[in-house]
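Asker: Here you go, one structure.
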Number of protein chains: 2
Amino acid sequence: MPISIRDVAERAGVSVGTVSNVLNRPDEVSADSVDRVTRAIDELGYVRNDAARKLRAGVSTTVGFVVLDGQNPFYNDVVRGAEDEASSHGIAILYGNTDEDPSREKVYLDLFREQQVRGLLIAPYGDVMTQLRRFRASGIATVLVDRFSADSGFSSVSVDSVAGGRLAVEHLIEMGRRRIAFVGGPFDIRQVTDRLAGARAAAENASTHVELEVVPTSAMTVEDGVAAGARLLMRPRREWPDALFAANDLLALGLLQSLVSGGRVLVPDEIALIGFDDNPFASAAAVPLSSIRQPSRMIGRTALRIVLEEAADPDSIPRQTVFPPELIVRRSTGA
Amino acid sequence: MPISIRDVAERAGVSVGTVSNVLNRPDEVSADSVDRVTRAIDELGYVRNDAARKLRAGVSTTVGFVVLDGQNPFYNDVVRGAEDEASSHGIAILYGNTDEDPSREKVYLDLFREQQVRGLLIAPYGDVMTQLRRFRASGIATVLVDRFSADSGFSSVSVDSVAGGRLAVEHLIEMGRRRIAFVGGPFDIRQVTDRLAGARAAAENASTHVELEVVPTSAMTVEDGVAAGARLLMRPRREWPDALFAANDLLALGLLQSLVSGGRVLVPDEIALIGFDDNPFASAAAVPLSSIRQPSRMIGRTALRIVLEEAADPDSIPRQTVFPPELIVRRSTGA
DNA sequence: AACTTTACCTGAATCGATTCAGCTGGGTTT
DNA sequence: AAACCCAGCTGAATCGATTCAGGTAAAGTT
């Protein structure tokens, strides 16, 4: 029932080899044949069987993207960037969201290896190095996204999270805040520790004394932010920090919700607030949110471009691409 | 270099047929063989070549999902729901975002047909019926998402948008509003016209006289909302509507931003505001947003489940699944 | 005129997993 | 003891696109 290259060949009155050539190197085929074949293809509504193609030629038209938090608009933007670039190359994205669950991560990696994807983009959560080495052994190009990893031997595209943390806290200090709390977690996520490290550096390098406290969360969702905010407000007032640096905007929006509920708006007068990611909703928040912008679309595009290049040239040398973060000042830090 | 079923067979000391049987119907193979084969697989790090499998057996382990607005958290949630369900079946999602561009829609549909996906989920934008019929001709199960279509002969999973529109406007009327503006567009998107139709019905059925005006937008993003809000505010004050029903939450958030900027907060006292989707950021907004909730995750899960069932049983009869929307009242309508 | 070159085309072999007809050897039935 | 059964296994044929050695005819060269 399905239409194969043989049907096209018959209809066009040529051999299957010629049809294949029309599809893959039309310049080596006479104009007349190209014509007849393309017409036959149209008439029959033929599309190549990608499985057969992949099997024989070993070329794949998909790239896998494993993301650790599908909820987070930041990753959605990264995926969008990648997808955008991919579609212009006729490549589709196999999307896998792991929700920070190492076992799901493993399932997807196996699935994508079965698929023999052309390349793999991954925002890793657990320890995936063993698995990733298998990808390399299978000759599948792999690029780490949102995670710098000079030692791993893989290319990566990320943002300098340490610098981002520093920017955020420097800004808070500049706005006159001295008792700063970093809100985020868990601490086995690299981005969290990096952002905190940047924050610490800024606090220590400040010309005045700055206290930096850590308020841990078990995840980085709006709900966790709400909860953390509620916890902070339960303290006696004089023990409140005068500024919060949230490890991402979801947390920040949650915090904000706690800090403006019940009619009293504590932000920014009593407590300044800054997030990370500059997600599209940060500017539409109750109090427009200051944040550290990551060029998310660009990260996705770049990662995809690199993975395709590496797939084309197996001897390429892994490279680390790091984008600078950017401070976006809005009302929540007292602008 | 890559490890094939033949290598596994050799290592385990059995034939390739037996290895295949271990993989696909282990109960027909002696325990001893199962053991030796699984051990060999582990040792070699073997994964099936999905291309060969697909070619011969015609089974696919991917489902395509074409979405018209990757920016919109609603669709992200739907995808997440589908993905969640998929991963429990060992199936991966091929993700395509069309950004409401019919030509990209076509590209993805061709790509997915080449891939011989097990099934297709699509939130359609343009007129895709011709293309979709090709999918059916190729025996690929197809489910429309977020679009009811009794006539098309395809299954669908959606929310009753008309009822949603009615709920929204009934609520506004109940809160004492009489000059309501519907903000949304473009009007070739079915959801928009349905929501408006519901709004009209509610206005006409009201016991008092209710004016319903339409403020068209060219898309449904936060930016369009901001622009529409600014346009409204430029009118002389007595021509302002006293309530806005935005066709989705992105628009509503944009409107809100216009209506609370410059220090004066017009919502809800002067102007009530309700959105649609109840996206996760609606509750974290400047003024927590009333909205019409769609069970987005559930829509995704259900759509995936249906498409798999239909893929398994080609004679199944198309069915329309319609979820009811739910009114979520928050501060923006004066609660 | 005999040759080489060029431009195109053909069709069989190939990729790796699945499938299925057929084989084997031990157990059961009569 | 002959006939039959059955669980378990084997290995060749198969899916459809690609590739490439080889073929053909027309054009070009000497």
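Chains: A, B, ... in order of the structure tokens. Residues: from 1 per chain. Ligands: from 1, in order shown.
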Could you pull out the helix (DSSP H, G or I) residues of segment 191-236 of chain A from DSSP and send them as a PyMOL selection string?

Answerer: chain A and resi 191-205+222-233

Asker: Please return, as a count of residues only, all residues of chain B lying within 9 Å of chain D when only C-alpha atoms (C1' of nucleotides) are considered.

Answerer: 14

Asker: To test your reading of the structure, identify every residue in segment 114-261 of chain B that backbone DSSP assigns to strand (DSSP E or B), and report it as a ChimeraX atom specification.

Answerer: /B:119-122,141-145,155-159,179-184,211-216,243-246

Asker: Calculate how many Å separate atom CA of Gly275 of chain A from atom CA of Phe187 of chain A, rounding to one decimal.

Answerer: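 Here the two named atoms are 17.1 Å from each other.
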
Asker: With only C-alpha atoms counted and 6 Å as the cut-off, give the residues of chain B in contact with chain A, each with its shortest interatomic distance in Å and the pair that gives it, as a Markdown table.

Answerer:
| residue | atom | partner | partner_atom | distance |
| --- | --- | --- | --- | --- |
| B:Val47 | CA | A:Glu114 | CA | 5.7 |
| B:Arg48 | CA | A:Glu114 | CA | 5.5 |
| B:Asn49 | CA | A:Glu114 | CA | 5.3 |
| B:Asp50 | CA | A:Glu114 | CA | 5.2 |
| B:Ala51 | CA | A:Ala51 | CA | 4.4 |
| B:Ala52 | CA | A:Leu55 | CA | 5.9 |
| B:Leu55 | CA | A:Ala51 | CA | 5.5 |
| B:Ile93 | CA | A:Tyr95 | CA | 5.6 |
| B:Leu94 | CA | A:Leu94 | CA | 4.4 |
| B:Tyr95 | CA | A:Ile93 | CA | 5.6 |
| B:Glu114 | CA | A:Asp50 | CA | 5.2 |
| B:Gln115 | CA | A:Asp50 | CA | 5.3 |
| B:Gln257 | CA | A:Ala284 | CA | 6.0 |
| B:Ala284 | CA | A:Gln257 | CA | 5.9 |
| B:Ala285 | CA | A:Ala285 | CA | 4.8 |
| B:Ala286 | CA | A:Ala286 | CA | 2.8 |

Asker: Record the distance separating atom CA of Val162 of chain B and atom CA of Phe323 of chain B, expressed in Å with one decimal.

Answerer: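 Computed distance, atom CA of Val162 of chain B to atom CA of Phe323 of chain B, equals 11.7 Å.
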
Asker: Here is a test: counting only C-alpha atoms (C1' of nucleotides), which residue of C:DA2, C:DA7, C:DA17, C:DA12 is nearest to chain B?

Answerer: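 Ranked by minimum distance to chain B, first place goes to C:DA17.
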
Asker: For chain B, work out the contacting residues on chain C at 9 Å, counting only C-alpha atoms (C1' of nucleotides), and write them as number ranges by chain.

Answerer: C: 15-19
